[in-house]
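A.B. asks: Below you'll find the structure I mean.
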Amino acid sequence: VIFGYRKAEERPKHRRVLHADDAQFLRDRVQELLSSQGYEGLQAKDGEQCMELLATEKVDILLLDINMPGNGLEILAKVKEIYPELPVLMLSAMADEKTVRKTLELGAAGFVAKPFAAEALLEHLGSIK
């Protein structure tokens with residue numbers, strides 16, 4: 001990558017990422033990170049807006065918080081019911097073993113505990129097929 005430019009073959013396979021989180025600051029930082037790596041980012045402030053965007057926009061990956069209006073676990077269950085092929089990566093401070101296990105049982109592709117390093121998020125995104 002030179003000055004933010006990537007060759008076409010270096011671009012991420014999953015290009016369009018929806019990030020649903022009630023923390024505007026975090027959504028903005030993740031958006032900046034995604035943009036710098038060739039992803040196109042969309043944002044949702046809660047579960048309701050997340051479901052609305054999924055119904056109207058083409059999304060390759062969903063980044064989903066648990067503790068937000070619209071309860072992330074309930075949203076995860078709905079998303080996997082309606083869009084079973086959509087990879088969902090959970091980003092949450094609620095990273096105890098029981099919660100992480102529950103998200104994986106509901107169909108999450110992975111879990112990144114907050115706070116997280118940019119490299120950790122990018123690594124998880126890159127591992128999603």
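All residue names refer to the structure tokens as shown: chains lettered A, B, ... in order, residues numbered from 1 in each chain, ligands numbered from 1 in order.
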Can you pull out the residues contacting Glu97 of chain A? Cut-off 12 Å, using only C-alpha atoms, and skip same-chain residues under 6 positions away; I want them as a compact mmCIF listing (two decimals) with N, CA and C atoms, in the first residue's frame.

C.D. replies:
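The new file out_20.txt reads:
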```
# COMPACT_ATOMS: atom_id res chain seq x y z
N THR A 103 -22.78 -15.97 21.53
CA THR A 103 -22.75 -15.35 20.21
C THR A 103 -22.35 -16.36 19.13
N LEU A 104 -21.41 -17.21 19.45
CA LEU A 104 -20.98 -18.23 18.48
C LEU A 104 -22.10 -19.24 18.24
N PHE A 111 -15.54 -13.04 17.43
CA PHE A 111 -15.76 -12.11 18.53
C PHE A 111 -14.48 -11.35 18.78
N ALA A 113 -13.02 -8.53 21.45
CA ALA A 113 -13.31 -7.86 22.72
C ALA A 113 -12.86 -6.41 22.67
```

A.B. asks: As a ChimeraX atom specification, please: the residues near segment 37-52 of chain A (cut-off 7 Å, only C-alpha atoms, same-chain neighbours under 3 positions excluded).

C.D. replies: /A:11-12,15-22,27,31,33-34,55-56,68-72,75

A.B. asks: For N, CA and C atoms, I'd like the residues from the last selection saved as an mmCIF file, in the first residue's frame.

C.D. replies:
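Once everything was written out, this is out_1.cif:
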```cif
data_model
loop_
_atom_site.group_PDB
_atom_site.id
_atom_site.type_symbol
_atom_site.label_atom_id
_atom_site.label_comp_id
_atom_site.auth_asym_id
_atom_site.auth_seq_id
_atom_site.Cartn_x
_atom_site.Cartn_y
_atom_site.Cartn_z
ATOM 1 N N ARG A 11 -7.253 -5.528 -2.765
ATOM 2 C CA ARG A 11 -8.434 -5.038 -2.058
ATOM 3 C C ARG A 11 -9.105 -6.184 -1.298
ATOM 4 N N PRO A 12 -9.725 -5.879 -0.165
ATOM 5 C CA PRO A 12 -10.394 -6.923 0.608
ATOM 6 C C PRO A 12 -11.497 -7.595 -0.200
ATOM 7 N N ARG A 15 -16.010 -6.167 0.822
ATOM 8 C CA ARG A 15 -15.792 -4.741 0.667
ATOM 9 C C ARG A 15 -16.715 -3.879 1.515
ATOM 10 N N ARG A 16 -17.945 -4.264 1.718
ATOM 11 C CA ARG A 16 -18.927 -3.386 2.360
ATOM 12 C C ARG A 16 -19.245 -3.891 3.764
ATOM 13 N N VAL A 17 -18.919 -3.084 4.753
ATOM 14 C CA VAL A 17 -19.046 -3.476 6.156
ATOM 15 C C VAL A 17 -20.020 -2.541 6.855
ATOM 16 N N LEU A 18 -21.022 -3.121 7.512
ATOM 17 C CA LEU A 18 -21.955 -2.353 8.340
ATOM 18 C C LEU A 18 -21.528 -2.514 9.794
ATOM 19 N N HIS A 19 -21.337 -1.385 10.484
ATOM 20 C CA HIS A 19 -20.950 -1.398 11.892
ATOM 21 C C HIS A 19 -22.104 -0.844 12.714
ATOM 22 N N ALA A 20 -22.696 -1.687 13.541
ATOM 23 C CA ALA A 20 -23.813 -1.286 14.399
ATOM 24 C C ALA A 20 -23.330 -1.185 15.844
ATOM 25 N N ASP A 21 -23.348 0.040 16.354
ATOM 26 C CA ASP A 21 -22.873 0.315 17.708
ATOM 27 C C ASP A 21 -23.450 1.660 18.128
ATOM 28 N N ASP A 22 -23.847 1.794 19.388
ATOM 29 C CA ASP A 22 -24.421 3.062 19.836
ATOM 30 C C ASP A 22 -23.365 4.107 20.162
ATOM 31 N N ARG A 27 -17.751 4.130 16.264
ATOM 32 C CA ARG A 27 -18.162 3.933 14.864
ATOM 33 C C ARG A 27 -17.294 4.773 13.934
ATOM 34 N N GLN A 31 -14.790 3.318 11.170
ATOM 35 C CA GLN A 31 -15.022 3.779 9.794
ATOM 36 C C GLN A 31 -13.708 4.260 9.171
ATOM 37 N N LEU A 33 -10.655 3.419 10.045
ATOM 38 C CA LEU A 33 -9.796 2.254 9.867
ATOM 39 C C LEU A 33 -10.208 1.459 8.626
ATOM 40 N N LEU A 34 -11.499 1.198 8.506
ATOM 41 C CA LEU A 34 -11.986 0.430 7.354
ATOM 42 C C LEU A 34 -11.670 1.148 6.046
ATOM 43 N N ALA A 55 -31.866 -4.362 5.160
ATOM 44 C CA ALA A 55 -32.979 -4.589 4.237
ATOM 45 C C ALA A 55 -32.830 -3.791 2.944
ATOM 46 N N THR A 56 -32.041 -2.721 2.982
ATOM 47 C CA THR A 56 -31.961 -1.841 1.811
ATOM 48 C C THR A 56 -30.585 -1.769 1.163
ATOM 49 N N MET A 68 -26.333 -2.342 23.214
ATOM 50 C CA MET A 68 -26.820 -1.144 22.516
ATOM 51 C C MET A 68 -28.332 -1.233 22.439
ATOM 52 N N PRO A 69 -28.993 -0.128 22.138
ATOM 53 C CA PRO A 69 -30.447 -0.201 21.958
ATOM 54 C C PRO A 69 -30.791 -1.197 20.845
ATOM 55 N N GLY A 70 -31.675 -2.104 21.157
ATOM 56 C CA GLY A 70 -32.028 -3.144 20.211
ATOM 57 C C GLY A 70 -31.318 -4.453 20.528
ATOM 58 N N ASN A 71 -30.608 -4.543 21.620
ATOM 59 C CA ASN A 71 -29.888 -5.712 22.106
ATOM 60 C C ASN A 71 -29.201 -6.491 20.986
ATOM 61 N N GLY A 72 -27.891 -6.455 20.984
ATOM 62 C CA GLY A 72 -27.089 -7.099 19.954
ATOM 63 C C GLY A 72 -27.312 -8.591 19.811
ATOM 64 N N ILE A 75 -30.498 -8.971 17.887
ATOM 65 C CA ILE A 75 -30.241 -8.578 16.500
ATOM 66 C C ILE A 75 -29.470 -9.682 15.788
#
```

A.B. asks: If I take atom CA of Leu53 of chain A and atom CA of Val79 of chain A, how far is one from the other in Å, to one decimal?

C.D. replies: 11.5 Å

A.B. asks: Which one is closest to Ile66 of chain A: A:Val30, A:Ile82, A:Leu54, A:Val112? Count only C-alpha atoms.

C.D. replies: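 Going through A:Val30, A:Ile82, A:Leu54, A:Val112 one by one, the smallest distance to Ile66 of chain A is for A:Val112.
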
A.B. asks: Select, from A:Lys114, A:Arg29, A:Arg101, A:Lys80, the residue with the minimum atom-to-atom distance to Asn67 of chain A, counting only C-alpha atoms.

C.D. replies: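 Checking each candidate against Asn67 of chain A, we get A:Lys114 as the closest.
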
A.B. asks: Could you pull out the residues in chain A that DSSP calls strand (DSSP E) from the backbone, as a PyMOL selection string?

C.D. replies: chain A and resi 16-20+40-44+61-64+88-92+110-113
